[in-house]
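What follows is one structure encoded as structure tokens, with my remarks underneath.
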Amino acid sequence: MDLSFSPEEEAFRQEVRTWIAENMPPHLKAKAEHAAYFEMPEVMEWHKLLYAKGWVAPHWPKEFGGPGFSATQRFILGEELELAGAPPLSPFGLVMVAPLIMRFGNDAQRARFLPKILSGEEVWCQGYSEPNAGSDLASLRTMAVDAGDHFVVTGQKTWTTYAQYADWIFCLVRTSTEGKKQQGISFLLVEMNTPGVEVKPMQTLGDTPAFCDTFFDNAKVPKENLLGPLNGGWNLAKALLGHERTLVAAVGQTRRNLRLAKRLAAHHRGADGKPLIEDPHFRGKLARLEMRLRAHQMTNYRALAEQQKGHHPGPESSILKLVGSMLVQEADELCMEIMGQSSLAWHDDEAVEPFERWVPPTFCYDRATTIYAGSNEIQKNILAKLILGLPSA
Amino acid sequence: MDFDLSDDQKMLAKTVGDFGKKESTLERFRKLRDADGPGWDKATWKKMGELGWLSIPFPEEVGGLGGSFVDAGIVLEQLGKTLVPEPYLSSVVLGGHALWLGGASAQHEKFLAPMMEGDTTLSLAFTERGVRFDARCCTTTARRDGDGWVIAGEKSFVLDGHSADHFVVAAMSDEGMQLFVVDAADTARKTVRLMDGHRAAHVTLADVRVGEDRRLSARPATEVLERVLDFGAAATVAEGLGVAFAMLWMTVEYLKTREQFDVKIGTFQALQHRAVDMFVEVELLKSIHTESAVRASEDGEERARAVSAAKLQLAQGGQLVSRQAVQLHGGVGVTDEHDIGLYFKRMHSLVTLCGDEATHVARYAASMDAT
Ligand SMILES: Cc1cc2nc3c(=O)[nH]c(=O)nc-3n(C[C@H](O)[C@H](O)[C@H](O)COP(=O)(O)OP(=O)(O)OC[C@H]3O[C@@H](n4cnc5c(N)ncnc54)[C@H](O)[C@@H]3O)c2cc1C
């Protein structure tokens, strides 16, 4: 057993840290410093800087333009980026659809899509959920009707994160109503400027326009945009789920949140006039969170070590999603508690310190972490069934 | 022991509840929240005055209806159910009770009476930047100047201070803490938008001159503040009960209608148990709210303990309800469009205002019997 990173790995961590310090533009640094919300153009600006460095897709194999990193290097890079408060890259192209295109796409599709995902020239979004198909994704009803050389797509997707900025959407669509629900689903890539595709942004609880309704009204989609076999989309969706869950372990995000909580606790004073970080109640709470985070981080490392040995993340990766999302929320709640009455201010630059301004909206928006990417209830169902082997009702 | 409301109180609850359902729906709240105005409406305030809701907890000798704080609690609980935005908590409970307890009859007549009529509103200006729920810490000063006083300082997060006609201002003098009635027009104020759609103000008092007749001297100011903040804390619990109740039943209704996997999601036992957890917390909140509303008017340590215990239940139980309510709504719960989030945000304010969990646990712990 060896819990340390190798000297090479530590050197790599240092290299990443230095590069970020030297290359993150000042306006992004200022936002990172204040844990502010990044607008999509800022996210893409950062994407392009990482692309130029060759680090934008650490998990991609070399043949498609990845840097050929080990799992540990990837992890270190991800952790350092999160810790620096760098804009979180849009995962829909890089992390979600690209691996599926590599695995299930034909050569023409790989050549058409992958380079532009890598460079950031094309932005993607995810069209899975529908008003009546959330946890029960297989009930989706958006229809793609065969019309010779193209499909005609009609239906509605919802909660589509950042669809308003996307050039492409990857969708699960119904191509057959026969047999089991899962068997009539196909995986279709749709260009957002296709006539008949319409996006309506919605405000989240944090008052940010982070997701949308996406409507399809007789949108013509060429058949070459079908990824994988016709009616074989469910398998692609399942392959993607594992990726999504490891994505939401959010160790770096929680560590950053914890650091923010400490900073807030140094800033806010208790009734005795001392900073809250010296108050046993708050210090205890901060310590508990840090300790729980340690256990979570080690669990993440364990999963990583397994991956290094070539094992694919199995259903136990649900644990990472479960715990990661809860810790994110706990850290938000603690920040709010520390802020006291200042936590009531809403998007007000003058009422609170700049580094406090985004705490309340983030606290609100992050209620979503236990809902998206497979709600925590669904993760528990998965663990109960697939790991504990409990019978279903 | 009798936990039942009297017939009059039941009637009051019904009247206020019906008003919420018919005249002050969530849609109304949302409109006022999103508009540029003050976030509430004067005609409605006037109506509340005419119905006696603003005067109900005050004794007859100051022009009140001679009810009790329990009655104010009944009003607040019902207002919470549809998030009625009028400044009841800030004006009737905080400002109004400070004036009542601290003031003399001429002051009651001049400032409390028009508020009870629904013609004006009052705000209690006691919070300051960097001071944590402790009214005894006060950097705003008051010094004698001839036969009057000069007040200087800044107050932050003064609830509904953006629209108040008068402030009851806490200030420190050589002779200790003092409370003064200050006309809003004599201050400089800046509106602060709050997460829950309400507003507050940052209020600057730049050497504001007031006469001795503006000082509330019927009781020591610290005693008044302590009692008023307990009324305030009990009021957040009362309103919080209404909020939690609404969230519980909205969520139960959702579990009965939303379908996934070809069944109502309410058939999933995991969610049934979660709903029951919420229900249990609401029941606990209801019980301890009753005690805190009754004891809020008492003197002595049991008052503080009951109020703090209620505040803890709001922080723990109330927030369990509000967080799970969002969770069980899934994606739609995280939209601004859906009403559940409005309650979620209000719950955070109510938990925080007039002393958060840590403040009340610390106070309770300090007065707890060792055996
Ligand atoms: C901020 C945000 C961003 C999102 N971005 C995207 C996106 O980009 N693309 C996309 O396709 N989707 C996206 N989603 C959608 C997300 O994946 C769904 O919200 C999620 O799958 C839950 O579905 P639902 O909202 O329909 O809730 P429902 O499935 O209706 O669930 C309601 C409640 O019931 C519970 N529940 C459901 N089934 C069970 C069960 N069998 N056992 C126990 N409990 C159960 C759920 O856990 C939840 O608490 C996003 C959601 C959010 C909140």
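Note on naming: chains are A, B, ... as they come in the structure tokens, residues start from 1 per chain, ligands start from 1 in the order shown.
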**Report entry** Residue list for chain A near chain B as a PyMOL selection string, 6 Å, only C-alpha atoms
**Finding:** chain A and resi 136+203-205+270-271+344-346+371
Generate the output file for the selected residues, C-alpha atoms, as a CSV table (one decimal), in the first residue's frame.
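The result, written out as result-v7.csv:
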chain,number,residue,atom,x,y,z
A,136,ASP,CA,-37.3,7.4,-16.0
A,203,GLN,CA,-33.9,31.0,-14.8
A,204,THR,CA,-32.6,28.7,-12.1
A,205,LEU,CA,-33.1,29.2,-8.4
A,270,GLY,CA,-19.0,36.7,16.4
A,271,ALA,CA,-20.8,38.6,19.2
A,344,LEU,CA,-29.7,37.3,2.7
A,345,ALA,CA,-28.3,39.8,0.1
A,346,TRP,CA,-29.1,38.8,-3.5
A,371,ILE,CA,-30.9,16.0,-8.6
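Residues within 7 Å of segment 294-299 of chain B, counting only C-alpha atoms and excluding same-chain residues fewer than 4 positions away, are Phe69, Val70, Asp230, Phe231, Ala234, Thr290, Arg303, Ala306 and Val307 of chain B.
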Selected residues written out with all heavy atoms, as a CSV table (one decimal), in the first residue's frame:
chain,number,residue,atom,x,y,z
B,69,PHE,N,-49.7,38.0,21.6
B,69,PHE,CA,-48.7,37.7,20.6
B,69,PHE,C,-49.1,36.4,19.9
B,69,PHE,O,-48.8,36.2,18.7
B,69,PHE,CB,-47.3,37.5,21.2
B,69,PHE,CG,-46.3,37.3,20.1
B,69,PHE,CD1,-45.9,38.4,19.3
B,69,PHE,CD2,-45.8,36.1,19.8
B,69,PHE,CE1,-45.0,38.2,18.3
B,69,PHE,CE2,-44.9,35.9,18.8
B,69,PHE,CZ,-44.5,37.0,18.0
B,70,VAL,N,-49.9,35.5,20.6
B,70,VAL,CA,-50.4,34.3,19.9
B,70,VAL,C,-51.2,34.7,18.7
B,70,VAL,O,-51.1,34.0,17.6
B,70,VAL,CB,-51.2,33.5,20.9
B,70,VAL,CG1,-51.9,32.3,20.2
B,70,VAL,CG2,-50.3,32.9,22.0
B,230,ASP,N,-36.9,38.6,20.9
B,230,ASP,CA,-37.6,37.3,21.2
B,230,ASP,C,-38.9,37.2,20.5
B,230,ASP,O,-39.3,36.2,19.9
B,230,ASP,CB,-37.7,37.0,22.7
B,230,ASP,CG,-36.5,36.3,23.3
B,230,ASP,OD1,-35.7,35.9,22.4
B,230,ASP,OD2,-36.4,36.2,24.5
B,231,PHE,N,-39.7,38.4,20.5
B,231,PHE,CA,-40.9,38.4,19.7
B,231,PHE,C,-40.5,38.2,18.2
B,231,PHE,O,-41.2,37.4,17.5
B,231,PHE,CB,-41.6,39.8,19.8
B,231,PHE,CG,-42.4,40.0,21.1
B,231,PHE,CD1,-42.1,41.0,22.0
B,231,PHE,CD2,-43.4,39.1,21.4
B,231,PHE,CE1,-42.8,41.2,23.1
B,231,PHE,CE2,-44.2,39.3,22.6
B,231,PHE,CZ,-43.9,40.3,23.4
B,234,ALA,N,-39.7,34.5,17.7
B,234,ALA,CA,-41.0,33.7,17.7
B,234,ALA,C,-41.8,34.0,16.4
B,234,ALA,O,-42.4,33.1,15.9
B,234,ALA,CB,-41.8,34.1,19.0
B,290,THR,N,-46.1,26.7,19.3
B,290,THR,CA,-47.1,27.1,20.2
B,290,THR,C,-46.5,27.6,21.5
B,290,THR,O,-46.9,28.6,22.1
B,290,THR,CB,-48.0,25.9,20.5
B,290,THR,OG1,-48.5,25.4,19.2
B,290,THR,CG2,-49.2,26.3,21.4
B,303,ARG,N,-39.0,32.1,28.8
B,303,ARG,CA,-39.3,32.7,27.5
B,303,ARG,C,-38.1,32.4,26.6
B,303,ARG,O,-38.3,31.9,25.4
B,303,ARG,CB,-39.5,34.2,27.7
B,303,ARG,CG,-39.8,34.9,26.4
B,303,ARG,CD,-39.7,36.4,26.5
B,303,ARG,NE,-38.4,36.9,26.5
B,303,ARG,CZ,-38.0,37.9,27.2
B,303,ARG,NH1,-38.8,38.6,27.9
B,303,ARG,NH2,-36.7,38.3,27.1
B,306,ALA,N,-37.8,28.8,25.5
B,306,ALA,CA,-38.8,28.3,24.6
B,306,ALA,C,-38.6,28.9,23.2
B,306,ALA,O,-38.7,28.2,22.1
B,306,ALA,CB,-40.2,28.7,25.1
B,307,VAL,N,-38.2,30.2,23.1
B,307,VAL,CA,-38.0,30.8,21.8
B,307,VAL,C,-36.8,30.2,21.1
B,307,VAL,O,-36.9,29.9,19.9
B,307,VAL,CB,-37.9,32.3,22.0
B,307,VAL,CG1,-37.4,33.0,20.7
B,307,VAL,CG2,-39.2,33.0,22.4
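Taking atom 52 (C, counted along the ligand's line) of ligand 1 and atom CA of Pro41 of chain A as the two end points, the separation is 20.8 Å.
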Requested in this report: Have a look at atom CA of Phe29 of chain B and atom 48 (C, counted along the ligand's line) of ligand 1 and let me know their distance in Å, one decimal.
Outcome: 26.6 Å
Query - Close residues, Ala164 of chain B itself excluded, 8 Å, only C-alpha atoms, min 5 positions apart in chain, as a list in words - result: Thr120, Thr121, Leu122, Ser123 and Ala184 of chain B
Query - Picked from segment 92-304 of chain B by DSSP as strand (DSSP E), as a ChimeraX atom specification - result: /B:122-125,141-145,148-159,166-173,176-183,188-193,199-211,259-260,263-264
Within 12 Å of Asn300 of chain A, counting only C-alpha atoms, which residues show up once you throw out same-chain ones fewer than 6 positions away? Write them as a PDB file with C-alpha atoms, in the first residue's frame, please.
ATOM      1  CA  ALA A  71      -5.208   8.430 -14.701  1.00  0.00           C
ATOM      2  CA  THR A  72      -3.343  10.059 -11.814  1.00  0.00           C
ATOM      3  CA  PHE A  75      -6.835  13.555 -11.695  1.00  0.00           C
ATOM      4  CA  ILE A  76      -4.140  15.960 -10.563  1.00  0.00           C
ATOM      5  CA  GLU A  79      -8.029  18.845  -9.014  1.00  0.00           C
ATOM      6  CA  ARG A 245     -20.820  10.010 -12.183  1.00  0.00           C
ATOM      7  CA  THR A 246     -17.067  10.261 -11.773  1.00  0.00           C
ATOM      8  CA  LEU A 247     -17.387  13.805 -13.039  1.00  0.00           C
ATOM      9  CA  VAL A 248     -19.538  14.821 -10.114  1.00  0.00           C
ATOM     10  CA  ALA A 249     -17.281  13.642  -7.295  1.00  0.00           C
ATOM     11  CA  ALA A 250     -16.435  17.354  -7.134  1.00  0.00           C
ATOM     12  CA  VAL A 251     -13.554  16.964  -4.700  1.00  0.00           C
ATOM     13  CA  GLY A 252     -11.854  20.098  -5.955  1.00  0.00           C
ATOM     14  CA  LEU A 293     -14.051  15.540   2.691  1.00  0.00           C
ATOM     15  CA  ARG A 294     -10.876  13.624   3.450  1.00  0.00           C
ATOM     16  CA  GLU A 306      -8.670   0.823  -9.628  1.00  0.00           C
ATOM     17  CA  GLN A 307      -8.923   2.704 -12.882  1.00  0.00           C
ATOM     18  CA  PRO A 313     -15.785   2.422 -13.060  1.00  0.00           C
ATOM     19  CA  GLU A 316     -19.858   1.756  -7.004  1.00  0.00           C
ATOM     20  CA  SER A 317     -18.982   5.057  -8.663  1.00  0.00           C
ATOM     21  CA  SER A 318     -22.484   6.049  -7.560  1.00  0.00           C
ATOM     22  CA  ILE A 319     -20.908   6.582  -4.137  1.00  0.00           C
ATOM     23  CA  LEU A 320     -18.773   9.372  -5.534  1.00  0.00           C
ATOM     24  CA  LYS A 321     -21.801  11.139  -6.907  1.00  0.00           C
ATOM     25  CA  VAL A 323     -21.184  11.886  -1.321  1.00  0.00           C
ATOM     26  CA  GLY A 324     -19.707  14.527  -3.594  1.00  0.00           C
TER      27      GLY A 324
END
Report task. Name all residues at most 8 Å from segment 279-287 of chain B (count only C-alpha atoms; drop same-chain ones fewer than 6 positions away) and give them as a PyMOL selection string. Result -> chain B and resi 237+241+244-245+248+310+313-314+317-318+320-321
Output the selection as a short mmCIF file (atom, residue, chain, number, x, y, z; two decimals), in the first residue's frame - all heavy atoms for each residue.
data_model
loop_
_atom_site.label_atom_id
_atom_site.label_comp_id
_atom_site.auth_asym_id
_atom_site.auth_seq_id
_atom_site.Cartn_x
_atom_site.Cartn_y
_atom_site.Cartn_z
N VAL B 237 -40.54 31.93 13.57
CA VAL B 237 -40.99 30.54 13.72
C VAL B 237 -42.44 30.41 13.27
O VAL B 237 -42.80 29.47 12.56
CB VAL B 237 -40.82 30.07 15.18
CG1 VAL B 237 -41.43 28.68 15.37
CG2 VAL B 237 -39.34 30.05 15.55
N LEU B 241 -43.52 28.21 10.20
CA LEU B 241 -44.45 27.09 10.26
C LEU B 241 -45.39 27.11 9.05
O LEU B 241 -45.62 26.07 8.42
CB LEU B 241 -45.26 27.15 11.57
CG LEU B 241 -46.37 26.11 11.72
CD1 LEU B 241 -45.79 24.69 11.72
CD2 LEU B 241 -47.16 26.36 13.02
N ALA B 244 -43.31 26.01 6.04
CA ALA B 244 -43.01 24.57 6.06
C ALA B 244 -44.27 23.76 5.75
O ALA B 244 -44.22 22.78 5.00
CB ALA B 244 -42.46 24.17 7.43
N PHE B 245 -45.37 24.20 6.31
CA PHE B 245 -46.64 23.52 6.07
C PHE B 245 -46.97 23.54 4.58
O PHE B 245 -47.30 22.52 3.97
CB PHE B 245 -47.73 24.24 6.88
CG PHE B 245 -49.09 23.65 6.76
CD1 PHE B 245 -49.52 22.68 7.66
CD2 PHE B 245 -49.96 24.07 5.76
CE1 PHE B 245 -50.80 22.12 7.55
CE2 PHE B 245 -51.23 23.51 5.64
CZ PHE B 245 -51.65 22.55 6.53
N LEU B 248 -44.62 21.21 2.68
CA LEU B 248 -44.93 19.79 2.90
C LEU B 248 -46.08 19.36 2.00
O LEU B 248 -45.98 18.37 1.27
CB LEU B 248 -45.29 19.56 4.38
CG LEU B 248 -45.95 18.22 4.69
CD1 LEU B 248 -44.97 17.05 4.47
CD2 LEU B 248 -46.47 18.19 6.13
N ALA B 310 -37.54 26.80 19.77
CA ALA B 310 -38.36 26.89 18.55
C ALA B 310 -37.49 27.28 17.36
O ALA B 310 -37.65 26.77 16.25
CB ALA B 310 -39.48 27.91 18.75
N GLN B 313 -35.63 24.33 16.12
CA GLN B 313 -36.49 23.43 15.35
C GLN B 313 -36.73 23.99 13.94
O GLN B 313 -36.80 23.23 12.97
CB GLN B 313 -37.82 23.20 16.08
CG GLN B 313 -38.82 22.34 15.33
CD GLN B 313 -38.28 20.97 14.96
OE1 GLN B 313 -37.36 20.44 15.61
NE2 GLN B 313 -38.81 20.39 13.90
N LEU B 314 -36.81 25.30 13.84
CA LEU B 314 -36.97 25.90 12.51
C LEU B 314 -35.71 25.65 11.68
O LEU B 314 -35.79 25.29 10.51
CB LEU B 314 -37.24 27.41 12.63
CG LEU B 314 -37.57 28.11 11.32
CD1 LEU B 314 -38.93 27.67 10.80
CD2 LEU B 314 -37.55 29.63 11.47
N GLY B 317 -35.51 21.35 11.54
CA GLY B 317 -36.69 20.74 10.91
C GLY B 317 -37.18 21.53 9.72
O GLY B 317 -37.48 20.96 8.66
N GLY B 318 -37.26 22.84 9.88
CA GLY B 318 -37.76 23.68 8.79
C GLY B 318 -36.88 23.56 7.56
O GLY B 318 -37.35 23.47 6.44
N LEU B 320 -34.89 21.00 6.88
CA LEU B 320 -35.03 19.66 6.30
C LEU B 320 -36.22 19.68 5.34
O LEU B 320 -36.14 19.19 4.22
CB LEU B 320 -35.25 18.61 7.40
CG LEU B 320 -35.44 17.18 6.87
CD1 LEU B 320 -34.66 16.18 7.71
CD2 LEU B 320 -36.90 16.76 6.78
N VAL B 321 -37.31 20.28 5.79
CA VAL B 321 -38.51 20.34 4.94
C VAL B 321 -38.20 21.10 3.65
O VAL B 321 -38.51 20.64 2.55
CB VAL B 321 -39.68 21.02 5.71
CG1 VAL B 321 -40.85 21.29 4.77
CG2 VAL B 321 -40.12 20.15 6.88
#
Query raised in the report: as a PyMOL selection string, which residues of segment 96-231 of chain B does DSSP assign to alpha helix (DSSP H)?
Result: chain B and resi 97-102+105-107+113-117+221-231
For those residues, write C-alpha atoms to a file as a PDB file, in the first residue's frame.
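See result14.pdb below for the written result:
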ATOM      1  CA  HIS B  97     -43.226  46.063  19.671  1.00  0.00           C
ATOM      2  CA  ALA B  98     -40.177  48.259  20.264  1.00  0.00           C
ATOM      3  CA  LEU B  99     -42.410  51.312  20.181  1.00  0.00           C
ATOM      4  CA  TRP B 100     -45.020  49.737  22.389  1.00  0.00           C
ATOM      5  CA  LEU B 101     -42.603  48.473  25.044  1.00  0.00           C
ATOM      6  CA  GLY B 102     -40.186  51.367  24.944  1.00  0.00           C
ATOM      7  CA  SER B 105     -48.344  57.329  25.434  1.00  0.00           C
ATOM      8  CA  ALA B 106     -47.585  60.384  23.322  1.00  0.00           C
ATOM      9  CA  GLN B 107     -45.185  58.272  21.265  1.00  0.00           C
ATOM     10  CA  ALA B 113     -51.337  54.359  16.096  1.00  0.00           C
ATOM     11  CA  PRO B 114     -50.863  55.251  12.399  1.00  0.00           C
ATOM     12  CA  MET B 115     -48.929  52.026  11.875  1.00  0.00           C
ATOM     13  CA  MET B 116     -51.756  50.001  13.412  1.00  0.00           C
ATOM     14  CA  GLU B 117     -54.165  51.807  11.085  1.00  0.00           C
ATOM     15  CA  ALA B 221     -33.401  50.003  25.857  1.00  0.00           C
ATOM     16  CA  THR B 222     -31.482  46.734  26.299  1.00  0.00           C
ATOM     17  CA  GLU B 223     -34.479  45.158  27.966  1.00  0.00           C
ATOM     18  CA  VAL B 224     -36.757  46.362  25.191  1.00  0.00           C
ATOM     19  CA  LEU B 225     -34.424  45.028  22.517  1.00  0.00           C
ATOM     20  CA  GLU B 226     -34.047  41.689  24.185  1.00  0.00           C
ATOM     21  CA  ARG B 227     -37.781  41.247  24.426  1.00  0.00           C
ATOM     22  CA  VAL B 228     -38.437  42.534  20.935  1.00  0.00           C
ATOM     23  CA  LEU B 229     -35.879  40.183  19.438  1.00  0.00           C
ATOM     24  CA  ASP B 230     -37.584  37.296  21.188  1.00  0.00           C
ATOM     25  CA  PHE B 231     -40.881  38.414  19.709  1.00  0.00           C
TER      26      PHE B 231
END
